[in-house]
file structure17.txt (compact mmCIF, C-alpha atoms)
# COMPACT_ATOMS: atom_id res chain seq x y z
CA MET A 1 53.38 135.62 131.94
CA ILE A 2 54.63 138.08 129.36
CA PRO A 3 55.60 140.79 131.90
CA ILE A 4 57.60 138.27 133.95
CA ARG A 5 59.57 137.09 130.91
CA ARG A 6 60.18 140.68 129.85
CA SER A 7 61.46 141.64 133.32
CA ILE A 8 63.80 138.62 133.39
CA TRP A 9 65.07 139.53 129.94
CA GLN A 10 65.57 143.17 130.99
CA LYS A 11 67.44 142.09 134.11
CA GLU A 12 69.77 139.83 132.11
CA ASN A 13 70.29 142.55 129.53
CA ASN A 14 71.17 145.10 132.23
CA GLU A 15 73.64 142.65 133.78
CA ARG A 16 75.33 142.16 130.39
CA ARG A 17 75.53 145.93 129.88
CA THR A 18 77.19 146.53 133.24
CA GLU A 19 79.60 143.66 132.59
CA THR A 20 80.61 145.02 129.19
CA LYS A 21 81.03 148.53 130.64
CA ARG A 22 83.34 147.09 133.27
CA ASN A 23 85.35 145.25 130.60
CA ARG A 24 85.57 148.36 128.42
CA GLY A 25 86.95 150.24 131.39
CA GLN A 26 89.58 147.53 131.86
CA VAL A 27 90.63 147.79 128.21
CA LEU A 28 90.92 151.56 128.51
CA LYS A 29 93.04 151.25 131.63
CA LYS A 30 95.29 148.66 129.96
CA THR A 31 95.91 150.77 126.87
CA GLN A 32 96.54 153.88 128.96
CA ARG A 33 99.06 152.01 131.12
CA ILE A 34 100.80 150.74 128.01
CA ARG A 35 101.00 154.22 126.48
CA GLU A 36 101.98 156.12 129.63
CA GLY A 37 105.58 157.16 129.88
CA ALA A 38 106.92 154.29 127.82
CA ILE A 39 108.11 156.39 124.91
CA GLU A 40 108.67 159.87 126.35
CA ASN A 41 111.41 158.81 128.75
CA ALA A 42 113.27 156.61 126.28
CA PRO A 43 116.22 157.72 124.14
CA LYS A 44 115.28 158.89 120.67
CA ILE A 45 116.94 155.91 118.97
CA ALA A 46 114.85 153.43 120.98
CA GLN A 47 111.48 155.12 120.42
CA PRO A 48 110.48 153.36 117.14
CA SER A 49 110.97 149.89 118.61
CA LEU A 50 109.09 150.91 121.75
CA ARG A 51 106.19 152.19 119.65
CA ARG A 52 106.11 148.85 117.81
CA LYS A 53 106.12 146.91 121.10
CA MET A 54 103.42 149.18 122.49
CA LYS A 55 101.16 148.52 119.49
CA ILE A 56 101.72 144.78 119.80
CA GLN A 57 100.71 144.93 123.47
CA ILE A 58 97.57 146.86 122.53
CA TYR A 59 96.72 144.33 119.80
CA GLU A 60 97.24 141.46 122.25
CA SER A 61 95.02 143.08 124.89
CA ILE A 62 92.28 143.60 122.29
CA GLN A 63 92.59 139.98 121.22
CA GLU A 64 92.40 138.72 124.82
CA THR A 65 89.41 140.89 125.65
CA SER A 66 87.51 139.98 122.49
CA ASN A 67 88.11 136.28 123.15
CA ASP A 68 87.14 136.43 126.83
CA GLU A 69 84.20 138.81 126.66
CA ARG A 70 81.39 139.64 124.26
CA CYS A 71 82.82 142.95 123.11
CA SER A 72 83.04 143.82 119.45
CA ILE A 73 86.48 144.25 117.97
CA GLU A 74 85.35 147.45 116.29
CA TYR A 75 84.51 149.02 119.65
CA LEU A 76 87.71 147.77 121.31
CA CYS A 77 89.83 149.20 118.49
CA GLN A 78 88.00 152.49 118.81
CA LEU A 79 88.69 152.54 122.56
CA ALA A 80 92.36 151.79 122.01
CA GLY A 81 92.68 154.45 119.35
CA ILE A 82 93.79 152.19 116.50
CA SER A 83 92.16 151.33 113.21
CA ARG A 84 90.35 148.06 112.80
CA THR A 85 92.22 147.30 109.58
CA SER A 86 95.59 147.54 111.32
CA TYR A 87 94.34 145.12 113.99
CA TYR A 88 93.18 142.60 111.38
CA LYS A 89 96.41 143.05 109.46
CA TRP A 90 98.29 142.19 112.67
CA ILE A 91 96.06 139.15 113.25
CA HIS A 92 96.67 137.74 109.75
CA ARG A 93 100.35 138.61 109.50
CA LYS A 94 102.94 136.07 108.44
CA SER A 95 106.18 135.67 110.35
CA SER A 96 109.14 137.17 108.57
CA ARG A 97 112.37 135.29 107.98
CA VAL A 98 114.10 137.36 110.66
CA ASP A 99 111.37 136.59 113.22
CA ILE A 100 111.69 132.87 112.51
CA GLU A 101 115.48 132.99 112.84
CA ASP A 102 115.21 134.98 116.07
CA ALA A 103 112.78 132.41 117.49
CA GLU A 104 115.27 129.65 116.67
CA ILE A 105 118.24 131.49 118.21
CA LEU A 106 116.50 132.68 121.38
CA PRO A 107 116.52 129.33 123.29
CA ARG A 108 120.24 128.92 122.56
CA ILE A 109 120.95 132.46 123.76
CA GLN A 110 118.95 131.85 126.93
CA ALA A 111 120.80 128.57 127.57
CA ILE A 112 124.18 130.28 127.16
CA ALA A 113 123.07 133.12 129.44
CA ASP A 114 121.88 130.65 132.11
CA GLU A 115 125.19 128.77 131.99
CA ASN A 116 127.12 131.99 132.53
CA ASN A 117 124.78 133.69 135.03
CA SER A 118 123.83 136.27 132.39
CA LEU A 119 127.27 137.88 132.57
CA PHE A 120 127.97 137.85 128.84
CA GLY A 121 127.74 141.01 126.80
CA TYR A 122 126.82 140.92 123.14
CA GLN A 123 130.40 140.23 121.97
CA ASN A 124 130.92 137.19 124.21
CA MET A 125 127.39 136.02 123.49
CA THR A 126 128.04 136.22 119.73
CA TYR A 127 131.32 134.36 120.15
CA ALA A 128 129.70 131.60 122.24
CA LEU A 129 126.76 131.36 119.85
CA ASN A 130 129.05 131.04 116.81
CA ASN A 131 131.20 128.39 118.55
CA ASN A 132 128.17 126.23 119.36
CA SER A 133 126.52 126.26 115.94
CA ASP A 134 127.23 125.79 112.25
CA THR A 135 125.65 129.10 111.29
CA LYS A 136 127.56 132.32 111.92
CA TYR A 137 125.56 135.08 113.58
CA ASN A 138 126.36 138.76 113.85
CA ARG A 139 126.11 140.88 116.98
CA TRP A 140 122.61 142.16 116.16
CA GLN A 141 121.24 138.63 116.04
CA SER A 142 122.85 137.76 119.36
CA MET A 143 121.07 140.70 121.02
CA ALA A 144 117.60 139.28 120.17
call {"tool": "encode", "arguments": {"input": "structure17.txt", "output": "structure tokens"}}
result
Amino acid sequence: MIPIRRSIWQKENNERRTETKRNRGQVLKKTQRIREGAIENAPKIAQPSLRRKMKIQIYESIQETSNDERCSIEYLCQLAGISRTSYYKWIHRKSSRVDIEDAEILPRIQAIADENNSLFGYQNMTYALNNNSDTKYNRWQSMA
């Protein structure tokens, strides 16, 4: 009986290994797709925000993979080329005041854009946003 149990255990263990290898390959492909060509072709002024967005996408893919599969976060961070502490810092971050304000403004901006077939530029959007609310917003907030 012992050899049969051992062979069943070995078979299950081998299946888990192949499954995790497949998932690790998917994470590598995701992070490579995120990193490819996103920053090099962008204007120099836009590169910092693109780097930030790229890191957020990598953090989100690590979070999805670690929730769905039995992969360790340490290994996923190593595959993605980021430190584990930066990942945990991102997980436990608190929303800033600007992020909260942007989240409140965004539905209003989308409603105004839908009403006008997305034809407004930032100046008209700011004007419409300020006419429909008590708070006055500047052009940078209307571009959120």
call {"tool": "residues_around", "arguments": {"input": "structure17.txt", "residues": "region 109-112 of chain A", "least_positions_apart": "4", "cutoff": "12 Å", "atoms": "all atoms listed in the file", "output": "JSON, numbers by chain"}}
result
{"A": [102, 103, 104, 105, 116, 117, 118, 119, 120, 121, 122, 124, 125, 126, 127, 128, 129, 130, 131, 132, 133, 137, 139, 141, 142, 143, 144]}
call {"tool": "atom_distance", "arguments": {"input": "structure17.txt", "atom1": "CA of Gln123 (chain A)", "atom2": "CA of Lys136 (chain A)"}}
result
13.1 Å
call {"tool": "closest_residue", "arguments": {"input": "structure17.txt", "among": "A:Gln63, A:Arg52, A:Arg108, A:Tyr75", "to": "Tyr88 (chain A)", "atoms": "all atoms listed in the file"}}
result
A:Gln63
call {"tool": "atom_distance", "arguments": {"input": "structure17.txt", "atom1": "CA of Met54 (chain A)", "atom2": "CA of Gln78 (chain A)"}}
result
16.2 Å
call {"tool": "atom_distance", "arguments": {"input": "structure17.txt", "atom1": "CA of Leu50 (chain A)", "atom2": "CA of Pro107 (chain A)"}}
result
22.9 Å
